[in-house]
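Asks: After the structure tokens below, expect a handful of questions from me.
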Amino acid sequence: MNNFRYHAYTDIRFGKGQVECLAGLVAPYGKNVLMVYGGGSIRKNGLYDKVKELLADFNVYELGGVEPNPKITSVREGAAICKKEKIDVVLAVGGGSTIDAAKVIAGAAYYDGEPWDLVADPGKIGKVLPIVTILTLAATGSEMNKNAVISNMETNEKLGTASHDFIPQASICDPTYLFTLPAMQTAAGTADIMSHIFEQYFQATTSAYISDRFAESLLKTCIKYCPIALKEPDNYEARANLMWASTQALNGLLSCGKGGGWTCHPIEHELSAYYDITHGVGLAIVTPRWMRYILNDKTVDKFCEYGRNVWEIEENDAYTCANMAIDATEQFFKDCGIPMTLREVGIDESKIDLMAADTIKYNDMNGTYVALSKEDIANILRASL
Ligand code: NZQ
Ligand code: ZN
């Protein structure tokens with residue numbers, strides 16, 4: 001196993017009714033709260049009113065309308081409010097996009113320059129306002145991690161940034177908030193959780209046995225509960241298991257003792273940067289094509305291990321077993337109702353070379369499980385058409 005740092009300090013309040021803790025979680029940081037939220041789902045399901053009621057004794061300023069694939073324009077707006085109103089704590093209420101925007105806003109509150117600098121160069125992130133979240137979508141793990149992904153549509157850039165101080169101080173994770181999710185967000189969120197697991201599971205390090213067994217149990221959780229949540233949106237057990245899987249999949253636990261860069265995320269971020277598609281949908285489309293593309297004598301045993309331990313495939317021939325596992329992955333996403341070709345989400349071949357070049361430009365694709373060149377990435381994208 002590689003050396004690692006694992007410092008998990010987010011105070012997670014998990015379960016039905018935990019929102020009642022909100023005032024107590026916010027109070028240590030001060031009275032001036034910036035509440036960040038998305039396009040209106042929290043108004044429809046009553047969470048907006050509940051938060052306002054619980055924070056009646058605080059000065060609550062608001063930044064609504066944060067977009068899916070959050071834009072730098074929203075971050076600029078939020079940072080300006082923080083500076084003008086002397087905000088003490090940023091409260092994100094929503095999915096990963098809202099939480100990611102809140103993180104960069106919290107950093108930009110103390111930054112004198114243009115907020116995009118903090119996205120382009122994480123080294124410029126200094127002091128960060130405390131962040132509290134109320135999660136409404138099981139997908140990104142942003143509620144307990146240091147990452148934020150922000151888009152600049154003028155330059156077709158969607159970049160990840162990170163700071164240890166972006167890790168939320170506290171996150172309220174109430175599975176009943178997931179009941180109102182549209183089926184496609186439930187499915188795309190699950191594909192995102194599974195992709196986070198794949199990115200850490202398919203790595204060259206083979207000695208982190210414990211991390212791989214954690215990963216497999218989280219994958220099995222997604223495979224068991226996503227179809228139930230799709231059929232019965234208010235099934236608490238299914239929502240609760242998916243919500244906890246999303247947090248555990250990307251809070252640092254699975255990468256302990258492992259190393260290496262990610263593959264499908266850098267490729268998908270270019271799809272979103274150019275076409276603003278749903279992150280989890282892009283991942284579901286690319287993942288099985290990437291798996292097939294890198295299947296070779298060096299990787300076959302790992303794919304077979306995945307097939308045996310996750311899909312319970314009993315097949316002795318390694319290549320047959322690996323291919324069955326990849327087919328099962330693709331079929332699972334299809335059965336969840338995710339469009340499984342790029343054309344179905346409005347992407348044709350015209351920008352494939354451009355997106356492949358940008359993947360390489362912004363990411364080191366040599367340190368991934370299997371190193372990929374610009375041509376390899378273009379081939380994977382063409383196979384995804
Ligand atoms: O904006 P509102 O009205 O709230 O609607 C949202 C949005 O339209 C809706 N929604 C959220 N919770 C809901 C709900 N609708 C009904 N009921 C609810 N309970 O769902 C839509 C998508 O929301 P969004 O926050 O965009 O989804 P997600 O959580 O999947 O976040 C995606 C973003 O996170 C980034 C992605 O690239 C993308 O920009 N990522 C962040 C990561 C991180 N911070 O660690 C890692 C990921 O790999 C990912 O890159
Ligand atoms: Zn993701």
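By order of appearance in the structure tokens: chains A, B, ..., then residues from 1 within every chain, and ligands from 1 in the order shown.
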Would you mind listing what lies within 12 Å of A:Ile72 as a PyMOL selection string, with only C-alpha atoms counted and same-chain residues fewer than 6 positions away left out?

Replies: chain A and resi 66+78-79+97-98+100-105+108+114-120+148-159

Asks: Now that the selection is made, can you save its residues with N, CA, C and O atoms as a compact mmCIF listing (two decimals), in the first residue's frame?

Replies:
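Heads up, here's the output in again.txt:
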# COMPACT_ATOMS: atom_id res chain seq x y z
N VAL A 66 -27.93 28.77 -9.11
CA VAL A 66 -26.67 28.12 -9.53
C VAL A 66 -27.02 26.99 -10.51
O VAL A 66 -27.90 26.18 -10.25
N GLY A 78 -21.58 35.32 -6.07
CA GLY A 78 -21.54 34.90 -4.66
C GLY A 78 -20.39 35.54 -3.91
O GLY A 78 -20.53 35.98 -2.77
N ALA A 79 -19.23 35.61 -4.57
CA ALA A 79 -18.05 36.20 -3.91
C ALA A 79 -18.30 37.67 -3.61
O ALA A 79 -17.91 38.17 -2.53
N SER A 97 -23.42 20.60 -7.88
CA SER A 97 -23.15 21.89 -8.54
C SER A 97 -23.23 23.04 -7.54
O SER A 97 -22.37 23.93 -7.53
N THR A 98 -24.27 23.01 -6.73
CA THR A 98 -24.45 24.07 -5.73
C THR A 98 -23.31 24.04 -4.71
O THR A 98 -22.75 25.08 -4.34
N ASP A 100 -20.30 22.77 -5.08
CA ASP A 100 -19.02 23.16 -5.71
C ASP A 100 -18.93 24.67 -5.86
O ASP A 100 -17.88 25.28 -5.59
N ALA A 101 -20.03 25.28 -6.31
CA ALA A 101 -20.02 26.75 -6.45
C ALA A 101 -19.78 27.39 -5.09
O ALA A 101 -18.98 28.33 -4.96
N ALA A 102 -20.44 26.86 -4.05
CA ALA A 102 -20.29 27.41 -2.69
C ALA A 102 -18.83 27.34 -2.23
O ALA A 102 -18.32 28.26 -1.58
N LYS A 103 -18.15 26.26 -2.60
CA LYS A 103 -16.75 26.11 -2.17
C LYS A 103 -15.86 27.21 -2.78
O LYS A 103 -15.07 27.84 -2.08
N VAL A 104 -16.03 27.42 -4.07
CA VAL A 104 -15.15 28.42 -4.71
C VAL A 104 -15.56 29.83 -4.28
O VAL A 104 -14.70 30.71 -4.11
N ILE A 105 -16.85 30.02 -4.03
CA ILE A 105 -17.30 31.31 -3.48
C ILE A 105 -16.61 31.54 -2.12
O ILE A 105 -16.10 32.63 -1.84
N ALA A 108 -13.13 32.52 -2.83
CA ALA A 108 -13.02 33.82 -3.51
C ALA A 108 -13.36 34.98 -2.57
O ALA A 108 -12.94 36.11 -2.82
N GLU A 114 -9.53 37.84 -9.72
CA GLU A 114 -10.64 37.21 -10.44
C GLU A 114 -10.83 35.76 -9.93
O GLU A 114 -9.88 34.97 -9.90
N PRO A 115 -12.05 35.39 -9.51
CA PRO A 115 -12.29 34.06 -8.93
C PRO A 115 -11.84 32.89 -9.81
O PRO A 115 -11.46 31.84 -9.31
N TRP A 116 -11.85 33.08 -11.14
CA TRP A 116 -11.43 31.97 -12.02
C TRP A 116 -9.98 31.55 -11.72
O TRP A 116 -9.61 30.39 -11.92
N ASP A 117 -9.18 32.50 -11.21
CA ASP A 117 -7.78 32.15 -10.86
C ASP A 117 -7.74 30.95 -9.91
O ASP A 117 -6.84 30.12 -9.99
N LEU A 118 -8.72 30.87 -9.00
CA LEU A 118 -8.73 29.80 -7.99
C LEU A 118 -9.10 28.45 -8.62
O LEU A 118 -8.82 27.39 -8.04
N VAL A 119 -9.76 28.52 -9.78
CA VAL A 119 -10.12 27.29 -10.49
C VAL A 119 -8.93 26.85 -11.34
O VAL A 119 -8.54 25.68 -11.35
N ALA A 120 -8.35 27.81 -12.03
CA ALA A 120 -7.23 27.49 -12.93
C ALA A 120 -5.97 27.10 -12.15
O ALA A 120 -5.17 26.30 -12.61
N ALA A 148 -13.95 20.88 -6.20
CA ALA A 148 -15.00 21.70 -6.81
C ALA A 148 -14.72 21.73 -8.31
O ALA A 148 -13.56 21.80 -8.72
N VAL A 149 -15.79 21.66 -9.10
CA VAL A 149 -15.63 21.69 -10.55
C VAL A 149 -16.46 22.85 -11.09
O VAL A 149 -17.66 22.91 -10.85
N ILE A 150 -15.81 23.76 -11.79
CA ILE A 150 -16.48 24.98 -12.26
C ILE A 150 -16.27 25.13 -13.77
O ILE A 150 -15.21 24.77 -14.29
N SER A 151 -17.30 25.66 -14.44
CA SER A 151 -17.23 25.82 -15.90
C SER A 151 -17.17 27.28 -16.30
O SER A 151 -17.77 28.14 -15.66
N ASN A 152 -16.44 27.50 -17.38
CA ASN A 152 -16.41 28.82 -18.02
C ASN A 152 -16.82 28.57 -19.48
O ASN A 152 -16.02 28.10 -20.28
N MET A 153 -18.08 28.86 -19.78
CA MET A 153 -18.60 28.49 -21.10
C MET A 153 -18.04 29.39 -22.20
O MET A 153 -18.08 29.03 -23.38
N GLU A 154 -17.53 30.56 -21.82
CA GLU A 154 -16.95 31.44 -22.85
C GLU A 154 -15.69 30.83 -23.44
O GLU A 154 -15.37 31.04 -24.60
N THR A 155 -14.97 30.08 -22.59
CA THR A 155 -13.71 29.51 -23.07
C THR A 155 -13.78 27.99 -23.22
O THR A 155 -12.76 27.35 -23.47
N ASN A 156 -14.99 27.42 -23.05
CA ASN A 156 -15.18 25.96 -23.08
C ASN A 156 -14.22 25.25 -22.14
O ASN A 156 -13.58 24.25 -22.49
N GLU A 157 -14.13 25.79 -20.91
CA GLU A 157 -13.30 25.13 -19.91
C GLU A 157 -14.18 24.66 -18.76
O GLU A 157 -15.02 25.41 -18.26
N LYS A 158 -13.98 23.42 -18.36
CA LYS A 158 -14.60 22.89 -17.14
C LYS A 158 -13.47 22.25 -16.36
O LYS A 158 -12.93 21.22 -16.76
N LEU A 159 -13.10 22.89 -15.26
CA LEU A 159 -11.89 22.45 -14.56
C LEU A 159 -12.18 22.13 -13.10
O LEU A 159 -13.01 22.78 -12.46

Asks: Determine which residues of stretch 46-239 of chain A DSSP labels as alpha helix (DSSP H) from the backbone of this structure, then write them out as a ChimeraX atom specification.

Replies: /A:47-54,72-85,96-108,116-120,183-201,209-231,236-239

Asks: Which polymer residues have any atom within 10 Å of an atom of A:Gly40, counting only C-alpha atoms, with same-chain residues fewer than 2 positions away left out, as a ChimeraX atom specification?

Replies: /A:37-38,42-45,48,64-66,94

Asks: Tell me which of A:Met35, A:Val26, A:Met184, A:Ile193 sits closest to ligand 2, counting only C-alpha atoms and all ligand atoms.

Replies: A:Ile193

Asks: If you count only C-alpha atoms, which residues fall within 12 Å of A:Ala229, apart from same-chain ones fewer than 2 positions away, as a count of residues only?

Replies: 36

Asks: Mind pulling up the distance from atom CA of A:Ala371 to atom CA of A:Asn3?

Replies: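 One can read the atom CA of A:Asn3 to atom CA of A:Ala371 distance as 22.6 Å.
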
Asks: Can you check which parts of stretch 178-268 of chain A lie within 8 Å of stretch 303-312 of chain A? Per residue, the shortest pair of atoms and distance in Å to one decimal, counting only C-alpha atoms, sorted by chain and number, as a tab-separated table.

Replies:
residue	atom	partner	partner_atom	distance
A:Glu216	CA	A:Val310	CA	5.8
A:Ser217	CA	A:Val310	CA	7.6
A:Leu219	CA	A:Val310	CA	6.9
A:Lys220	CA	A:Val310	CA	5.9

Asks: Counting only C-alpha atoms and all ligand atoms, what residues are within 12 Å of ligand 2, given as a PyMOL selection string?

Replies: chain A and resi 69+96-97+100+138-142+147-149+160+188-200+246-247+249-250+262-269+272+278-284+287

Asks: Restricting the output to C-alpha atoms, write the selected residues as a compact mmCIF listing (two decimals), in the first residue's frame.

Replies:
# COMPACT_ATOMS: atom_id res chain seq x y z
CA ASN A 69 -22.25 22.36 -14.25
CA GLY A 96 -22.89 18.84 -6.31
CA SER A 97 -23.15 21.89 -8.54
CA ASP A 100 -19.02 23.16 -5.71
CA ALA A 138 -26.53 11.48 -4.24
CA ALA A 139 -23.69 11.70 -6.74
CA THR A 140 -20.56 13.76 -6.32
CA GLY A 141 -19.42 13.26 -2.73
CA SER A 142 -18.83 17.02 -2.63
CA ASN A 147 -13.06 19.18 -4.77
CA ALA A 148 -15.00 21.70 -6.81
CA VAL A 149 -15.63 21.69 -10.55
CA GLY A 160 -11.56 20.82 -11.19
CA ALA A 188 -26.95 9.83 -13.62
CA GLY A 189 -26.04 10.34 -9.97
CA THR A 190 -25.56 6.60 -9.55
CA ALA A 191 -23.41 6.44 -12.68
CA ASP A 192 -21.29 9.22 -11.20
CA ILE A 193 -20.89 7.36 -7.89
CA MET A 194 -19.90 4.21 -9.78
CA SER A 195 -17.44 6.13 -11.93
CA HIS A 196 -15.76 7.62 -8.84
CA ILE A 197 -15.32 4.07 -7.59
CA PHE A 198 -13.99 2.80 -10.94
CA GLU A 199 -11.47 5.65 -11.14
CA GLN A 200 -9.95 4.56 -7.83
CA SER A 246 -22.07 8.68 -2.77
CA THR A 247 -20.38 10.16 0.28
CA ALA A 249 -17.18 6.85 -2.84
CA LEU A 250 -15.40 10.17 -2.95
CA TRP A 262 -8.31 9.41 -13.29
CA THR A 263 -9.44 8.66 -16.84
CA CYS A 264 -13.16 8.92 -17.59
CA HIS A 265 -13.65 12.11 -15.55
CA PRO A 266 -11.13 14.18 -17.52
CA ILE A 267 -12.71 12.92 -20.76
CA GLU A 268 -16.25 13.64 -19.54
CA HIS A 269 -15.36 17.10 -18.31
CA SER A 272 -19.62 18.98 -20.49
CA THR A 278 -25.21 15.97 -17.42
CA HIS A 279 -21.95 14.76 -15.87
CA GLY A 280 -23.19 11.27 -14.89
CA VAL A 281 -24.71 10.66 -18.32
CA GLY A 282 -21.41 11.47 -20.04
CA LEU A 283 -19.60 9.12 -17.67
CA ALA A 284 -22.06 6.27 -18.28
CA THR A 287 -17.05 4.19 -19.22

Asks: Between A:Asn2, A:Thr320, A:Thr136, A:Ser350, which one has atoms that come closest to ligand 1, using only C-alpha atoms and all ligand atoms?

Replies: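 Residue with the minimum atom-to-atom distance to ligand 1: A:Thr136.
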
Asks: Do a neighbour search on A:Asp327 at 8 Å with only C-alpha atoms, toss out local chain neighbours closer than 4 positions, and write the hits as a PyMOL selection string.

Replies: chain A and resi 288+323+331

Asks: Nearest residue to ligand 1 out of A:Gly337, A:Gly126, A:Gly15, A:Gly46, using only C-alpha atoms and all ligand atoms?

Replies: A:Gly46

Asks: Point out the residue among A:Lys16, A:Val286, A:Lys84, A:Asp335 with the least atom-to-atom distance to A:Ile228, counting only C-alpha atoms.

Replies: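 Residue with the minimum atom-to-atom distance to A:Ile228: A:Asp335.
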
Asks: Which is closest to A:Ile210 among A:Val60, A:Val51, A:Cys256, A:Ile81, if we use only C-alpha atoms?

Replies: A:Cys256

Asks: Name all residues at most 12 Å from A:Asp11 (count only C-alpha atoms; drop same-chain ones fewer than 3 positions away) and give them as a ChimeraX atom specification.

Replies: /A:8,14,18,21-22,24-26,131-134,143-145,167-173

Asks: Have a look at A:Ile125, A:Ile326, A:Leu271, A:Val300 and name the one nearest to ligand 1; count only C-alpha atoms and all ligand atoms.

Replies: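 Result for the nearest residue to ligand 1: A:Leu271.
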
Asks: Just the residues within 12 Å of A:Gly257, please, counting only C-alpha atoms, with nothing from its chain fewer than 5 positions along; format it as an NGL selection string.

Replies: :A and (1-6 or 200-201 or 203-212 or 252)

Asks: So what do you get for atom CA of A:Glu375 versus atom CA of A:Arg289, distance-wise?

Replies: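 We find that atom CA of A:Glu375 and atom CA of A:Arg289 lie 14.4 Å from each other.
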
Asks: Do you have the atom CA of A:Asp301-atom CA of A:Ala322 distance handy?

Replies: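 Separating atom CA of A:Asp301 from atom CA of A:Ala322 is a distance of 7.6 Å.
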
Asks: Can you list every residue in stretch 29-99 of chain A that DSSP puts in strand (DSSP E), as a PyMOL selection string?

Replies: chain A and resi 32-37+59-63+89-94
